[in-house]
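A.B. asks: Can you keep this structure in mind? I'll have questions shortly.
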Protein chains: 2
Amino acid sequence: MLSKKAKYALKALLYLTKQQQAGLVNISDIAEKERIPKKFLEAILVDLKTNGILHSVRGKKGGYSLSKEPSEISVGNIIRMIDGPLAPIPCVSHLYYRKCDECQDEATCEIRIVMKKVRDATAAILDETFLTDLEALNAYLQVETQEPLDFQI
Amino acid sequence: MLSKKAKYALKALLYLTKQQQAGLVNISDIAEKERIPKKFLEAILVDLKTNGILHSVRGKKGGYSLSKEPSEISVGNIIRMIDGPLAPIPCVSHLYYRKCDECQDEATCEIRIVMKKVRDATAAILDETFLTDLEALNAYLQVETQEPLDFQI
DNA sequence: CCAATAGTCTACTAATTTAATAGATTTAAT
DNA sequence: ATTAAATCTATTAAATTAGTAGACTATTGG
């Protein structure tokens with residue numbers, strides 16, 4: 001499950017992507033428009049800043065902006081920053097590899113193989129979806145609302 | 001993240017699959033061989049029984065066995081029984097659909113579209129991997145241990 | 001029938017993670 | 001100097017996860 005924190009991060013970053021030419025955007029603005037608890041959002045933005053994708057200016061007229069191009073910030077990156085590994089079990093993570101506590105022998109663990117497939121499929125999607133893609137998708141959905149997309153819920 | 005509980009369930013069921021012709025297998029046996037805390041395993045097995053994939057006999061000489069063919073029990077099924085939806089957010093789940101709390105408008109939520117892709121890719125793998133597949137994989141890994149598989153960790 | 005063995009039920013607890021909140025501090029603009 | 005904004009430290013509340021304890025019930029074999 002994606003945490004609320006990660007979802008808030010995605011929403012905030014997407015908002016900043018849309019507002020990119022507006023310059024600095026302040027926390028209260030993001031919190032209000034995206035309905036994110038302000039204090040919680042504060043912590044999230046500091047986190048994203050520490051991870052190098054946000055830039056901030058303090059004081060009056062201060063605020064946040066993206067410090068990288070939205071075409072270079074992937075959903076996978078963002079989720080990893082907030083929630084950690086995409087992998088369903090630690091032993092199949094690329095960037096956060098860890099031996100599973102319960103695992104007797106990694107080399108002959110069948111569960112591991114299946115979960116590796118899941119992690120690879122997930123990463124293939126999330127690491128190739130960038131903020132610009134979400135922005136484009138949003139624009140599309142706004143217009144096509146009358147005629148809904150054909151995927152099944 | 002897959003919970004330990006779900007992982008224990010998978011291990012227990014795989015053990016029962018391997019022991020299928022041995023008839024009934026008791027909790028202590030599974031717990032010991034798979035190194036699962038016995039009392040915790042008890043609860044898990046009751047859960048799986050309630051979900052209709054295990055059969056049990058009480059009393060001396062009692063124990064557990066699969067109540068369906070291992071070729072009909074998918075990893076996806078098992079995980080859903082223990083951890084709930086495969087979907088990373090509730091609004092893209094097929095079997096456990098729920099509106100996301102934070103969501104203002106589902107129809108124009110970009111995050112939803114990406115997460116739907118992830119849920120579909122995950123389900124495609126887990127719903128098509130059955131206990132028999134894991135068993136076969138295990139047999140393969142046991143033999144080929146000398147020459148490891150060529151996938152990357 | 002009774003002792004041993006094995007599943008079942010109810011209840012609790014402990015640890016961890018998630019989702020915040022409060023309040024003081026620092027920085028910059030006007 | 002005042003105001004608006006980010007930042008830092010600390011705490012808390014709720015939920016989830018992982019596990020434990022102990023009494024109860026059913027079956028078998030002597």
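By convention in this document, the chains of the structure tokens carry letters A, B, ... by their order, each chain's residues are numbered from 1, and ligands are numbered from 1 in the order they are shown.
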May I have the residues of chain D within 9 Å of chain A, counting only C-alpha atoms (C1' of nucleotides), written as an NGL selection string?

C.D. replies: :D and (3-7)

A.B. asks: Take the selection from the previous step and output its residues with N, CA and C atoms (P, O5', C5', C4', C3', O3' and C1' of nucleotides), as a PDB file, in the first residue's frame.

C.D. replies:
ATOM      1  P    DT D   3       2.348  43.243  12.335  1.00  0.00           P
ATOM      2  O5'  DT D   3       2.557  42.298  11.064  1.00  0.00           O
ATOM      3  C5'  DT D   3       2.768  42.890   9.777  1.00  0.00           C
ATOM      4  C4'  DT D   3       3.307  41.827   8.848  1.00  0.00           C
ATOM      5  C3'  DT D   3       2.625  40.464   8.980  1.00  0.00           C
ATOM      6  O3'  DT D   3       2.143  40.108   7.694  1.00  0.00           O
ATOM      7  C1'  DT D   3       4.975  40.230   8.922  1.00  0.00           C
ATOM      8  P    DA D   4       1.137  38.884   7.475  1.00  0.00           P
ATOM      9  O5'  DA D   4       2.038  37.909   6.585  1.00  0.00           O
ATOM     10  C5'  DA D   4       2.720  38.414   5.438  1.00  0.00           C
ATOM     11  C4'  DA D   4       3.749  37.393   5.019  1.00  0.00           C
ATOM     12  C3'  DA D   4       3.222  35.955   4.999  1.00  0.00           C
ATOM     13  O3'  DA D   4       3.650  35.360   3.780  1.00  0.00           O
ATOM     14  C1'  DA D   4       5.160  36.079   6.341  1.00  0.00           C
ATOM     15  P    DA D   5       2.859  34.141   3.190  1.00  0.00           P
ATOM     16  O5'  DA D   5       3.906  32.959   3.407  1.00  0.00           O
ATOM     17  C5'  DA D   5       5.077  32.923   2.597  1.00  0.00           C
ATOM     18  C4'  DA D   5       6.236  32.355   3.352  1.00  0.00           C
ATOM     19  C3'  DA D   5       6.070  30.905   3.807  1.00  0.00           C
ATOM     20  O3'  DA D   5       6.608  30.019   2.826  1.00  0.00           O
ATOM     21  C1'  DA D   5       7.308  32.240   5.358  1.00  0.00           C
ATOM     22  P    DA D   6       6.398  28.467   3.027  1.00  0.00           P
ATOM     23  O5'  DA D   6       7.832  28.049   3.602  1.00  0.00           O
ATOM     24  C5'  DA D   6       8.993  28.229   2.788  1.00  0.00           C
ATOM     25  C4'  DA D   6      10.234  28.090   3.660  1.00  0.00           C
ATOM     26  C3'  DA D   6      10.521  26.654   4.108  1.00  0.00           C
ATOM     27  O3'  DA D   6      11.922  26.407   4.001  1.00  0.00           O
ATOM     28  C1'  DA D   6      10.303  28.064   6.005  1.00  0.00           C
ATOM     29  P    DT D   7      12.516  24.996   4.390  1.00  0.00           P
ATOM     30  O5'  DT D   7      12.708  25.075   5.980  1.00  0.00           O
ATOM     31  C5'  DT D   7      13.741  25.889   6.507  1.00  0.00           C
ATOM     32  C4'  DT D   7      13.973  25.536   7.962  1.00  0.00           C
ATOM     33  C3'  DT D   7      14.096  24.042   8.253  1.00  0.00           C
ATOM     34  O3'  DT D   7      15.264  23.875   9.040  1.00  0.00           O
ATOM     35  C1'  DT D   7      12.556  25.021   9.725  1.00  0.00           C
TER      36       DT D   7
END

A.B. asks: For His55 of chain B, work out the shell of residues within 10 Å, counting only C-alpha atoms (C1' of nucleotides) and skipping chain neighbours fewer than 4 positions away, then give it as a VMD selection string.

C.D. replies: chain B and resid 24 45 to 46 48 to 50 63 to 68

A.B. asks: Determine which residues of chain B sit within 6 Å of chain A, taking into account only C-alpha atoms, and present them as a PyMOL selection string.

C.D. replies: chain B and resi 1-2+88+108+110+118+122+134+138+141

A.B. asks: Once you have the residues from the selection above, write them out as an mmCIF file, in the first residue's frame, restricted to C-alpha atoms.

C.D. replies:
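To be explicit, this is the file written out as result14.cif:
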data_model
loop_
_atom_site.group_PDB
_atom_site.id
_atom_site.type_symbol
_atom_site.label_atom_id
_atom_site.label_comp_id
_atom_site.auth_asym_id
_atom_site.auth_seq_id
_atom_site.Cartn_x
_atom_site.Cartn_y
_atom_site.Cartn_z
ATOM 1 C CA MET B 1 5.122 -4.679 1.499
ATOM 2 C CA LEU B 2 4.112 -8.267 1.969
ATOM 3 C CA PRO B 88 -1.495 0.058 -3.984
ATOM 4 C CA THR B 108 -9.477 13.163 -12.962
ATOM 5 C CA GLU B 110 -3.686 10.966 -12.461
ATOM 6 C CA VAL B 118 0.710 -1.272 -11.154
ATOM 7 C CA THR B 122 0.923 -7.228 -10.115
ATOM 8 C CA LEU B 134 6.179 -22.567 -6.831
ATOM 9 C CA ASN B 138 11.618 -25.053 -5.853
ATOM 10 C CA LEU B 141 16.303 -24.374 -7.666
#

A.B. asks: Once DSSP has gone over the backbone, tell me which residues of chain B are in helix (DSSP H, G or I), as JSON, numbers by chain.

C.D. replies: {"B": [4, 5, 6, 7, 8, 9, 10, 11, 12, 13, 14, 15, 16, 17, 18, 20, 21, 22, 27, 28, 29, 30, 31, 32, 33, 34, 38, 39, 40, 41, 42, 43, 44, 45, 46, 47, 48, 49, 50, 70, 71, 72, 75, 76, 77, 78, 79, 80, 81, 82, 83, 90, 91, 92, 106, 107, 108, 110, 111, 112, 113, 114, 115, 116, 117, 118, 119, 120, 121, 122, 123, 124, 125, 126, 131, 132, 133, 134, 135, 136, 137, 138, 139, 140, 141, 142, 143, 144, 145, 146]}

A.B. asks: Just to confirm, what's the straight-line distance from atom CA of Ala22 of chain A to atom CA of Ile53 of chain A in Å (one decimal)?

C.D. replies: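 Taking atom CA of Ala22 of chain A as the start and atom CA of Ile53 of chain A as the end point, the length is 17.3 Å.
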
A.B. asks: Show which residues sit within 9 Å of DA18 of chain D, as a short mmCIF file (atom, residue, chain, number, x, y, z; two decimals) with N, CA and C atoms (P, O5', C5', C4', C3', O3' and C1' of nucleotides), in the first residue's frame. Count only C-alpha atoms (C1' of nucleotides), and ignore same-chain residues fewer than 6 positions away.

C.D. replies:
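Saved the output as around_22.cif:
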data_model
loop_
_atom_site.label_atom_id
_atom_site.label_comp_id
_atom_site.auth_asym_id
_atom_site.auth_seq_id
_atom_site.Cartn_x
_atom_site.Cartn_y
_atom_site.Cartn_z
N LYS B 4 4.63 -10.35 7.12
CA LYS B 4 5.21 -11.64 7.54
C LYS B 4 4.12 -12.70 7.57
N LYS B 5 2.96 -12.28 7.99
CA LYS B 5 1.83 -13.19 8.07
C LYS B 5 1.56 -13.84 6.72
N PHE B 40 1.29 -18.16 16.21
CA PHE B 40 0.96 -17.23 15.14
C PHE B 40 0.46 -18.03 13.93
P DA C 14 3.02 -5.81 27.38
"O5'" DA C 14 4.41 -6.39 26.78
"C5'" DA C 14 4.42 -7.34 25.73
"C4'" DA C 14 4.92 -6.71 24.45
"C3'" DA C 14 5.63 -5.37 24.56
"O3'" DA C 14 6.93 -5.62 24.05
"C1'" DA C 14 4.05 -5.36 22.76
P DA C 15 8.06 -4.47 23.83
"O5'" DA C 15 7.89 -4.22 22.26
"C5'" DA C 15 7.93 -5.32 21.36
"C4'" DA C 15 7.79 -4.79 19.95
"C3'" DA C 15 8.61 -3.52 19.69
"O3'" DA C 15 9.33 -3.77 18.49
"C1'" DA C 15 6.34 -3.20 19.05
#

A.B. asks: Please return, as a ChimeraX atom specification, all residues of chain A that DSSP assigns to strand (DSSP E or B) on the basis of the backbone.

C.D. replies: /A:25,54-57,63-66,74,130

A.B. asks: Based on only C-alpha atoms (C1' of nucleotides), which of the residues in chain C come within 9 Å of chain A? I want them as a list in words.

C.D. replies: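 Here they are: DT18, DA19, DA20, DT21, DT26, DT27, DA28 and DA29 of chain C.
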
A.B. asks: Quick one, how far is atom C1' of DT27 of chain D from atom CA of Pro70 of chain B?

C.D. replies: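 Going from atom C1' of DT27 of chain D over to atom CA of Pro70 of chain B covers 27.5 Å.
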
A.B. asks: Distance atom C1' of DA24 of chain C-atom CA of Asn51 of chain A, one decimal place?

C.D. replies: 25.7 Å
